[in-house]
file input.txt (compact mmCIF, C-alpha atoms)
# COMPACT_ATOMS: atom_id res chain seq x y z
CA MET A 1 11.80 18.90 16.43
CA ALA A 2 10.98 15.26 17.11
CA LEU A 3 10.76 15.49 20.89
CA LEU A 4 8.73 18.70 20.81
CA SER A 5 6.34 17.30 18.21
CA LEU A 6 5.77 14.19 20.30
CA SER A 7 4.81 16.32 23.29
CA VAL A 8 2.51 18.89 21.68
CA GLY A 9 -0.68 16.83 21.83
CA HIS A 10 -3.49 18.98 20.44
CA GLU A 11 -1.62 22.25 21.03
CA ILE A 12 -0.29 22.57 17.48
CA ALA A 13 -0.92 26.30 17.13
CA SER A 14 0.74 27.17 20.43
CA CYS A 15 3.99 25.51 19.30
CA LEU A 16 4.35 27.44 16.06
CA PRO A 17 6.43 30.34 17.49
CA LEU A 18 8.92 27.87 18.95
CA MET A 19 9.04 25.93 15.67
CA VAL A 20 9.82 29.16 13.83
CA GLN A 21 12.79 29.73 16.14
CA PHE A 22 14.05 26.18 15.67
CA SER A 23 13.66 26.46 11.91
CA ASN A 24 15.88 29.54 11.79
CA PHE A 25 18.85 27.26 12.47
CA LEU A 26 18.29 25.00 9.46
CA PRO A 27 19.78 27.31 6.78
CA TYR A 28 22.86 27.92 8.95
CA CYS A 29 23.37 24.16 9.11
CA GLY A 30 23.13 23.88 5.33
CA LEU A 31 19.87 21.95 5.52
CA SER A 32 17.10 22.16 2.94
CA TYR A 33 13.61 20.68 2.87
CA ILE A 34 14.45 18.48 -0.13
CA GLY A 35 17.66 17.32 1.52
CA LEU A 36 15.83 16.49 4.74
CA LEU A 37 13.02 14.62 2.99
CA THR A 38 15.23 12.63 0.66
CA GLY A 39 17.65 11.88 3.49
CA SER A 40 20.70 13.26 1.71
CA ASP A 41 21.29 15.98 4.32
CA VAL A 42 20.73 13.47 7.11
CA ASP A 43 23.29 11.11 5.59
CA VAL A 44 25.87 13.90 5.29
CA LEU A 45 25.46 15.00 8.90
CA THR A 46 25.46 11.41 10.12
CA SER A 47 28.70 10.65 8.29
CA MET A 48 30.34 13.79 9.66
CA PHE A 49 29.35 13.02 13.25
CA VAL A 50 30.37 9.37 13.08
CA GLU A 51 33.72 10.32 11.58
CA GLU A 52 34.44 12.83 14.34
CA HIS A 53 32.99 10.83 17.25
CA LYS A 54 33.73 7.21 16.51
CA GLU A 55 33.71 6.34 20.19
CA ASP A 56 30.03 7.41 20.43
CA GLU A 57 28.91 5.78 17.19
CA ASP A 58 26.71 3.17 18.88
CA ASN A 59 24.89 5.76 20.99
CA PHE A 60 24.44 8.00 17.98
CA MET A 61 23.06 5.25 15.76
CA SER A 62 20.53 4.33 18.45
CA CYS A 63 19.12 7.85 18.07
CA LEU A 64 19.05 7.76 14.27
CA SER A 65 15.31 7.08 14.11
CA TYR A 66 14.68 10.27 16.10
CA ILE A 67 16.96 12.16 13.72
CA LYS A 68 15.01 10.98 10.69
CA LEU A 69 11.76 11.67 12.50
CA GLY A 70 12.91 15.21 13.23
CA ALA A 71 14.06 15.70 9.65
CA SER A 72 10.66 14.82 8.21
CA LEU A 73 8.83 16.81 10.90
CA SER A 74 10.85 19.91 10.02
CA VAL A 75 9.19 19.87 6.60
CA ILE A 76 5.71 19.06 7.90
CA TRP A 77 5.82 22.03 10.27
CA GLY A 78 6.71 24.16 7.25
CA LEU A 79 3.65 22.72 5.54
CA ILE A 80 1.48 23.64 8.52
CA SER A 81 2.74 27.22 8.84
CA ASP A 82 4.06 29.67 6.25
CA GLY A 83 5.96 31.34 9.06
CA VAL A 84 7.99 28.19 9.66
CA SER A 85 8.80 27.68 5.97
CA HIS A 86 9.71 31.36 5.56
CA ALA A 87 12.11 31.06 8.50
CA VAL A 88 13.92 28.33 6.56
CA GLY A 89 13.74 30.31 3.32
CA GLU A 90 11.77 27.56 1.61
CA ASN A 91 8.74 27.57 -0.65
CA ILE A 92 6.53 24.56 0.05
CA SER A 93 4.98 24.74 -3.42
CA THR A 94 8.42 24.43 -4.97
CA VAL A 95 9.23 21.46 -2.75
CA LYS A 96 5.99 19.74 -3.76
CA TYR A 97 6.65 20.36 -7.44
CA GLU A 98 10.18 18.98 -7.24
CA LEU A 99 8.98 15.81 -5.54
CA GLN A 100 6.15 15.42 -8.05
CA SER A 101 8.68 15.77 -10.87
CA ASN A 102 11.34 13.40 -9.58
CA GLN A 103 10.30 9.83 -8.88
CA THR A 104 13.45 8.87 -6.99
CA SER A 105 13.17 11.85 -4.66
CA ARG A 106 9.48 11.11 -4.21
CA TRP A 107 10.17 7.53 -3.14
CA GLN A 108 12.83 8.76 -0.72
CA ALA A 109 10.42 11.32 0.73
CA VAL A 110 7.66 8.73 1.16
CA ALA A 111 10.15 6.49 2.98
CA MET A 112 11.24 9.34 5.25
CA LEU A 113 7.68 10.38 6.11
CA ARG A 114 6.91 6.88 7.34
CA HIS A 115 8.77 7.71 10.56
CA ILE A 116 5.97 10.12 11.46
CA LEU A 117 3.13 7.79 10.48
CA SER A 118 4.60 4.79 12.30
CA SER A 119 5.19 6.68 15.54
CA ALA A 120 2.62 5.52 18.08
CA SER A 121 3.03 8.69 20.15
CA MET A 122 2.74 11.18 17.31
CA PRO A 123 -0.41 13.38 17.46
CA TRP A 124 -2.99 12.45 14.84
CA GLU A 125 -3.17 16.04 13.64
CA LEU A 126 0.46 15.87 12.51
CA LYS A 127 -0.14 12.50 10.87
CA ALA A 128 -3.10 14.00 9.02
CA HIS A 129 -0.82 16.69 7.58
CA VAL A 130 1.60 13.97 6.45
CA VAL A 131 -1.21 12.16 4.64
CA ASP A 132 -2.24 15.41 2.95
CA PHE A 133 1.36 15.97 1.88
CA LEU A 134 1.54 12.46 0.42
CA LEU A 135 -1.58 13.18 -1.61
CA CYS A 136 0.15 16.26 -3.02
CA ILE A 137 3.45 14.68 -4.00
CA ALA A 138 1.96 11.40 -5.25
CA SER A 139 -0.34 13.30 -7.54
CA GLU A 140 -2.71 11.60 -9.96
CA ASN A 141 -1.60 14.16 -12.55
CA PRO A 142 2.19 14.57 -12.21
CA PRO A 143 4.01 17.33 -14.13
CA LYS A 144 4.68 16.55 -17.79
CA ASN A 145 8.44 16.86 -17.33
CA CYS A 146 8.47 14.08 -14.72
CA THR A 147 11.90 12.41 -14.60
CA ASP A 148 13.22 8.96 -13.69
CA GLU A 149 10.68 7.09 -15.80
CA HIS A 150 12.88 4.00 -15.98
CA VAL A 151 14.62 4.16 -12.61
CA ASP A 152 15.28 0.88 -10.80
CA CYS A 153 12.84 0.59 -7.93
CA SER A 154 14.31 -2.51 -6.29
CA VAL A 155 16.66 -0.64 -3.94
CA TYR A 156 13.74 1.37 -2.58
CA MET A 157 11.37 -1.56 -2.10
CA PRO A 158 12.09 -2.26 1.60
CA SER A 159 11.63 1.36 2.67
CA LEU A 160 8.56 1.80 0.45
CA CYS A 161 7.06 -1.35 1.93
CA ALA A 162 7.60 0.03 5.43
CA ALA A 163 6.00 3.31 4.35
CA LEU A 164 2.96 1.53 2.92
CA GLN A 165 2.64 -0.45 6.14
CA ALA A 166 2.60 2.81 8.07
CA ILE A 167 -0.08 4.23 5.75
CA SER A 168 -2.10 1.03 6.23
CA GLU A 169 -1.98 1.53 10.00
CA VAL A 170 -3.44 5.00 9.54
CA ILE A 171 -6.27 3.54 7.45
CA ILE A 172 -7.05 1.07 10.23
CA CYS A 173 -6.46 3.18 13.33
CA ALA A 174 -7.09 6.85 12.54
CA PRO A 175 -9.96 8.26 14.64
CA SER A 176 -11.11 10.56 11.84
CA THR A 177 -13.07 9.28 8.86
CA VAL A 178 -11.54 11.98 6.68
CA VAL A 179 -8.00 10.95 7.61
CA ARG A 180 -8.77 7.28 6.95
CA LYS A 181 -10.26 8.14 3.57
CA ASN A 182 -7.28 10.31 2.62
CA ALA A 183 -4.86 7.63 3.80
CA PHE A 184 -6.60 5.10 1.56
CA GLU A 185 -6.20 7.44 -1.41
CA ALA A 186 -2.54 7.96 -0.49
CA LEU A 187 -2.05 4.19 -0.35
CA LYS A 188 -3.49 3.83 -3.85
CA ARG A 189 -1.29 6.58 -5.26
CA VAL A 190 1.93 5.37 -3.67
CA LEU A 191 1.24 1.83 -4.88
CA ALA A 192 0.47 3.12 -8.37
CA ASP A 193 3.78 4.99 -8.34
CA ILE A 194 5.66 1.68 -8.05
CA PRO A 195 6.50 0.01 -11.39
CA ALA A 196 4.21 -2.90 -12.22
CA PRO A 197 6.91 -5.62 -12.00
CA HIS A 198 7.40 -4.72 -8.33
CA ARG A 199 3.83 -3.81 -7.46
CA LEU A 200 2.46 -7.32 -7.01
CA ASN A 201 5.48 -8.26 -4.90
CA MET A 202 4.77 -5.22 -2.77
CA VAL A 203 1.12 -6.16 -2.28
CA GLN A 204 2.18 -9.72 -1.45
CA ALA A 205 4.60 -8.42 1.18
CA LEU A 206 1.95 -6.14 2.68
CA ILE A 207 -0.56 -8.99 2.89
CA ALA A 208 2.01 -11.23 4.56
CA ARG A 209 2.85 -8.57 7.15
CA THR A 210 -0.62 -7.46 8.20
CA ASP A 211 -2.87 -9.06 10.78
CA SER A 212 -5.95 -7.21 9.54
CA PRO A 213 -8.29 -9.21 7.26
CA SER A 214 -9.98 -5.95 6.28
CA MET A 215 -6.65 -4.50 5.14
CA ILE A 216 -5.97 -7.64 3.11
CA ALA A 217 -9.38 -7.24 1.49
CA ILE A 218 -8.59 -3.62 0.64
CA LEU A 219 -5.29 -4.58 -1.00
CA LEU A 220 -6.85 -7.40 -3.03
CA ASP A 221 -9.64 -5.12 -4.17
CA LEU A 222 -7.07 -2.56 -5.33
CA VAL A 223 -5.39 -5.27 -7.41
CA ARG A 224 -8.73 -6.32 -8.90
CA ARG A 225 -9.58 -2.74 -9.83
CA GLU A 226 -6.23 -2.22 -11.48
CA LEU A 227 -6.55 -5.46 -13.42
CA HIS A 228 -9.96 -4.28 -14.59
CA THR A 229 -8.53 -0.93 -15.68
CA GLU A 230 -5.68 -2.55 -17.59
CA ASN A 231 -8.06 -4.99 -19.25
CA CYS A 232 -10.30 -2.14 -20.40
CA GLN A 233 -7.26 -0.34 -21.80
CA ALA A 234 -6.20 -3.49 -23.65
CA ILE A 235 -9.67 -3.87 -25.17
CA SER A 236 -9.66 -0.23 -26.20
CA LEU A 237 -6.29 -0.64 -27.89
CA CYS A 238 -7.45 -3.76 -29.70
CA ASN A 239 -10.52 -1.98 -31.00
CA HIS A 240 -8.40 0.95 -32.13
CA ASP A 241 -5.42 -0.81 -33.61
CA VAL A 242 -4.74 -4.54 -33.25
CA LEU A 243 -1.11 -4.24 -34.26
CA GLN A 244 -0.50 -1.46 -31.78
CA ALA A 245 -2.13 -3.55 -29.07
CA GLU A 246 0.23 -6.42 -29.79
CA ASN A 247 3.25 -4.14 -29.69
CA ASN A 248 2.15 -2.67 -26.37
CA ALA A 249 0.93 -5.92 -24.82
CA SER A 250 3.65 -6.12 -22.22
CA SER A 251 2.83 -2.68 -20.81
CA THR A 252 -0.93 -2.95 -21.20
CA ILE A 253 -1.30 -6.22 -19.31
CA SER A 254 1.69 -5.80 -17.04
CA LEU A 255 -0.15 -7.00 -13.93
CA TRP A 256 -1.77 -9.93 -15.72
CA ASN A 257 0.69 -12.61 -14.67
CA ALA A 258 0.91 -15.59 -12.36
CA GLY A 259 1.63 -13.31 -9.41
CA VAL A 260 -2.05 -12.45 -8.98
CA LEU A 261 -2.89 -16.11 -8.39
CA GLU A 262 -0.23 -16.17 -5.68
CA LEU A 263 -2.13 -13.38 -3.93
CA VAL A 264 -5.28 -15.49 -4.00
CA GLU A 265 -3.41 -18.48 -2.61
CA LEU A 266 -1.94 -16.41 0.23
CA VAL A 267 -5.45 -16.00 1.62
CA LEU A 268 -7.15 -19.27 0.68
CA ARG A 269 -4.13 -21.40 1.62
CA PRO A 270 -2.32 -19.49 4.39
CA PRO A 271 1.48 -20.00 4.43
CA LYS A 272 1.30 -21.31 8.00
CA GLY A 273 -1.01 -24.10 6.89
CA GLY A 274 -4.63 -24.92 7.50
CA SER A 275 -7.59 -22.91 6.28
CA PRO A 276 -8.68 -19.33 6.92
CA SER A 277 -10.48 -18.87 10.21
CA PHE A 278 -14.08 -17.68 10.27
CA PRO A 279 -15.77 -15.33 10.85
CA GLU A 280 -12.56 -13.30 11.37
CA HIS A 281 -11.39 -13.65 7.76
CA VAL A 282 -14.71 -13.16 5.99
CA ASP A 283 -13.55 -9.94 4.32
CA SER A 284 -10.21 -11.24 3.07
CA VAL A 285 -11.61 -14.57 1.83
CA SER A 286 -14.48 -12.83 0.05
CA ALA A 287 -12.06 -10.41 -1.64
CA SER A 288 -9.77 -13.28 -2.63
CA LEU A 289 -12.61 -15.29 -4.17
CA ASN A 290 -13.90 -12.23 -6.02
CA LEU A 291 -10.42 -11.60 -7.40
CA TYR A 292 -10.13 -15.22 -8.54
CA ARG A 293 -13.57 -15.14 -10.16
CA PHE A 294 -12.74 -11.89 -11.94
CA ILE A 295 -9.48 -13.30 -13.32
CA LEU A 296 -11.19 -16.51 -14.43
CA LEU A 297 -14.05 -14.73 -16.18
CA THR A 298 -11.85 -12.10 -17.82
CA GLU A 299 -9.28 -14.57 -19.14
CA SER A 300 -12.10 -16.79 -20.44
CA ALA A 301 -13.89 -13.93 -22.17
CA GLY A 302 -10.70 -12.64 -23.75
CA LYS A 303 -9.49 -16.12 -24.69
CA THR A 304 -6.19 -15.39 -22.96
CA ASN A 305 -4.22 -17.09 -20.22
CA TYR A 306 -1.73 -14.48 -19.04
CA THR A 307 -2.06 -15.56 -15.41
CA GLY A 308 -2.14 -19.27 -16.13
CA VAL A 309 -5.54 -19.49 -14.44
CA LEU A 310 -6.99 -21.56 -17.30
CA SER A 311 -4.24 -24.16 -17.40
CA LYS A 312 -5.39 -27.62 -16.41
CA SER A 313 -2.93 -27.90 -13.53
CA ASN A 314 -3.96 -24.56 -12.05
CA LEU A 315 -7.66 -25.32 -12.41
CA TRP A 316 -7.23 -28.62 -10.55
CA LYS A 317 -5.07 -26.91 -7.94
CA ALA A 318 -7.68 -24.23 -7.31
CA TYR A 319 -10.44 -26.83 -7.23
CA ASN A 320 -8.79 -29.36 -4.92
CA GLU A 321 -6.61 -27.14 -2.73
CA TRP A 322 -8.56 -23.88 -2.47
CA LEU A 323 -12.24 -24.24 -3.26
CA LEU A 324 -13.29 -27.71 -2.06
CA PRO A 325 -11.54 -27.44 1.35
CA LEU A 326 -13.15 -24.04 1.80
CA ARG A 327 -16.56 -25.46 0.90
CA THR A 328 -16.13 -28.24 3.44
CA LEU A 329 -15.12 -25.76 6.12
CA LEU A 330 -18.01 -23.37 5.47
CA THR A 331 -20.55 -26.16 5.19
CA GLY A 332 -19.48 -27.44 8.60
CA ILE A 333 -19.68 -24.00 10.20
CA ILE A 334 -23.14 -23.35 8.77
CA ALA A 335 -24.37 -26.78 9.89
CA ASP A 336 -23.09 -26.19 13.42
CA ASN A 337 -24.74 -22.77 13.59
CA LYS A 338 -28.11 -24.17 12.55
CA ASN A 339 -28.23 -26.00 15.85
CA ASP A 340 -27.77 -22.72 17.72
CA SER A 341 -30.51 -20.16 18.05
CA ASP A 342 -28.54 -17.34 19.64
CA GLN A 343 -27.81 -13.98 18.04
CA LEU A 344 -24.12 -14.71 17.45
CA ALA A 345 -24.88 -17.80 15.36
CA PHE A 346 -27.33 -15.79 13.27
CA GLU A 347 -24.78 -13.02 12.69
CA ILE A 348 -22.09 -15.53 11.68
CA GLU A 349 -24.43 -17.17 9.19
CA CYS A 350 -25.33 -13.79 7.69
CA ALA A 351 -21.65 -12.87 7.40
CA LEU A 352 -20.84 -16.13 5.64
CA CYS A 353 -23.64 -15.91 3.06
CA PRO A 354 -21.79 -13.62 0.59
CA VAL A 355 -18.68 -15.80 0.85
CA VAL A 356 -20.68 -18.95 0.18
CA MET A 357 -22.33 -17.39 -2.87
CA VAL A 358 -19.09 -16.37 -4.56
CA LEU A 359 -17.43 -19.65 -3.54
CA TYR A 360 -20.08 -21.76 -5.25
CA ARG A 361 -19.90 -19.55 -8.33
CA CYS A 362 -16.14 -20.12 -8.49
CA ILE A 363 -16.64 -23.87 -8.12
CA GLU A 364 -19.18 -23.86 -10.96
CA LEU A 365 -16.83 -21.93 -13.23
CA VAL A 366 -13.88 -24.21 -12.53
CA GLU A 367 -15.95 -27.36 -13.01
CA GLU A 368 -17.19 -26.02 -16.34
CA LYS A 369 -13.64 -25.31 -17.51
CA LEU A 370 -12.44 -28.73 -16.41
CA ARG A 371 -15.26 -30.44 -18.32
CA HIS A 372 -14.20 -28.67 -21.50
CA LEU A 373 -10.59 -29.78 -20.99
CA THR A 374 -11.45 -33.47 -20.63
call {"tool": "encode", "arguments": {"input": "input.txt", "output": "structure tokens"}}
result
Amino acid sequence: MALLSLSVGHEIASCLPLMVQFSNFLPYCGLSYIGLLTGSDVDVLTSMFVEEHKEDEDNFMSCLSYIKLGASLSVIWGLISDGVSHAVGENISTVKYELQSNQTSRWQAVAMLRHILSSASMPWELKAHVVDFLLCIASENPPKNCTDEHVDCSVYMPSLCAALQAISEVIICAPSTVVRKNAFEALKRVLADIPAPHRLNMVQALIARTDSPSMIAILLDLVRRELHTENCQAISLCNHDVLQAENNASSTISLWNAGVLELVELVLRPPKGGSPSFPEHVDSVSASLNLYRFILLTESAGKTNYTGVLSKSNLWKAYNEWLLPLRTLLTGIIADNKNDSDQLAFEIECALCPVVMVLYRCIELVEEKLRHLT
């Protein structure tokens, strides 16, 4: 399945008869779509082969990525063609419903599907079908009898992170606007499917592992939007029933913690040292400053300090380590560009203007808070 899929190019339809023939073997091997997507069938077959051919274990394990790629592709071909799924004796709608209803299986499926998305040689048409499938199983409206509400996510974090990285690559590289848009929606849904205590750590890991400032900006904006949503829910609860709001505070403001400030610092004070480079990091710096401003304004308006943003030490840290060095850097760049009259200098200055505006607003807000604390 894997090797044939890698070689089809744009000839998807012409390969369907051959895929039907291949799929006829799956039931005889005791393989099911759910077992292939969750990896349980792959693990069973792998264990059996390794046990019987211990002398070839190294060679076999070197091909394991192709095995997992083929396992996930077997299901995607069934999604593409009813003839393929009928050959296996599977109902794609039933598979989708089961994954929607079982969070653990859904996480395992997302992790398995990453092998298709991360393959540089895989045709974009097949990747587009994977993205569509992710949108189905990570539904915004899961079935009411959804299970595994309190399952431990930590063991799935590494594979989910790899899957989200693969989805991010589709957002950046896909030639089709529709595919990029769908991949962005899939990214949001998969992230939302991760419990809040792990979600910020996941975003932090994704930011640390991407070289794309635009992708960093997208991730930070997702965090800001979710913080806004949770804040609105908290306000609604308070207006409805103050006591109920207090009882549900931990779930309502679950993302409002010090971790969001760490996301801001990742961009404004890169782990490798120095300052962000411009104009390359305009998007990520702008998103980071907007996130910081939103947190500062929201905590001030609500007279809360869940993130610690209003503590004196954090205000001074943001002022001295994030904002003032950034102001010095941007002021120098703008001054240098004023001496140049070429088009590039003009474009750089235009790109920096939004960043400068939000930066100075952040500085004003922090200075105001510090004055009230002294």
call {"tool": "atom_distance", "arguments": {"input": "input.txt", "atom1": "atom CA of A:Met202", "atom2": "atom CA of A:Ala186"}}
result
15.2 Å
call {"tool": "residues_around", "arguments": {"input": "input.txt", "residues": "stretch 270-279 of chain A", "least_positions_apart": "2", "cutoff": "8 Å", "atoms": "only C-alpha atoms", "output": "JSON, numbers by chain"}}
result
{"A": [265, 266, 267, 268, 281, 282, 285, 325, 326, 348, 351, 352]}
call {"tool": "residues_around", "arguments": {"input": "input.txt", "residues": "A:Phe133", "least_positions_apart": "2", "cutoff": "10 Å", "atoms": "only C-alpha atoms", "output": "list of chain:residue names"}}
result
A:Val75, A:Ile76, A:Leu79, A:Lys96, A:Val110, A:Leu113, A:Lys127, A:Ala128, A:His129, A:Val130, A:Val131, A:Leu135, A:Cys136, A:Ile137, A:Ala138, A:Ser139, A:Ala186
call {"tool": "residues_around", "arguments": {"input": "input.txt", "residues": "A:Val20", "least_positions_apart": "4", "cutoff": "7 Å", "atoms": "only C-alpha atoms", "output": "compact mmCIF listing (two decimals) with C-alpha atoms, in the coordinates of the input"}}
result
# COMPACT_ATOMS: atom_id res chain seq x y z
CA LEU A 16 4.35 27.44 16.06
CA ASN A 24 15.88 29.54 11.79
CA GLY A 83 5.96 31.34 9.06
CA VAL A 84 7.99 28.19 9.66
CA ALA A 87 12.11 31.06 8.50
call {"tool": "closest_residue", "arguments": {"input": "input.txt", "among": "A:Leu324, A:Gln204, A:Arg189, A:Ser212", "to": "A:Glu226", "atoms": "only C-alpha atoms"}}
result
A:Arg189
call {"tool": "atom_distance", "arguments": {"input": "input.txt", "atom1": "atom CA of A:Leu73", "atom2": "atom CA of A:Gln100"}}
result
19.2 Å
call {"tool": "axis_aligned_box", "arguments": {"input": "input.txt", "around": "stretch 206-214 of chain A", "padding_each_side": "8 Å", "output": "lines of an AutoDock Vina configuration file"}}
result
center_x = -3.6
center_y = -8.6
center_z = 6.7
size_x = 28.8
size_y = 21.3
size_z = 24.1
call {"tool": "atom_distance", "arguments": {"input": "input.txt", "atom1": "atom CA of A:Glu185", "atom2": "atom CA of A:Ser40"}}
result
27.7 Å
call {"tool": "closest_residue", "arguments": {"input": "input.txt", "among": "A:Leu45, A:Val223, A:Leu37, A:Ile116", "to": "A:Val95", "atoms": "all atoms listed in the file"}}
result
A:Leu37
call {"tool": "residues_around", "arguments": {"input": "input.txt", "residues": "stretch 259-263 of chain A", "least_positions_apart": "2", "cutoff": "8 Å", "atoms": "all atoms listed in the file", "output": "ChimeraX atom specification"}}
result
/A:200-201,204,220,255-257,265-267,288,292,307,309
call {"tool": "closest_residue", "arguments": {"input": "input.txt", "among": "A:Asp193, A:Asp43, A:Asp211, A:Glu169", "to": "A:Gln103", "atoms": "only C-alpha atoms"}}
result
A:Asp193
call {"tool": "closest_residue", "arguments": {"input": "input.txt", "among": "A:Cys173, A:Ile218, A:Ala166, A:Leu227", "to": "A:Tyr306", "atoms": "all atoms listed in the file"}}
result
A:Leu227
call {"tool": "residues_around", "arguments": {"input": "input.txt", "residues": "A:Asp132", "least_positions_apart": "6", "cutoff": "9 Å", "atoms": "all atoms listed in the file", "output": "ChimeraX atom specification"}}
result
/A:179,182-183,186
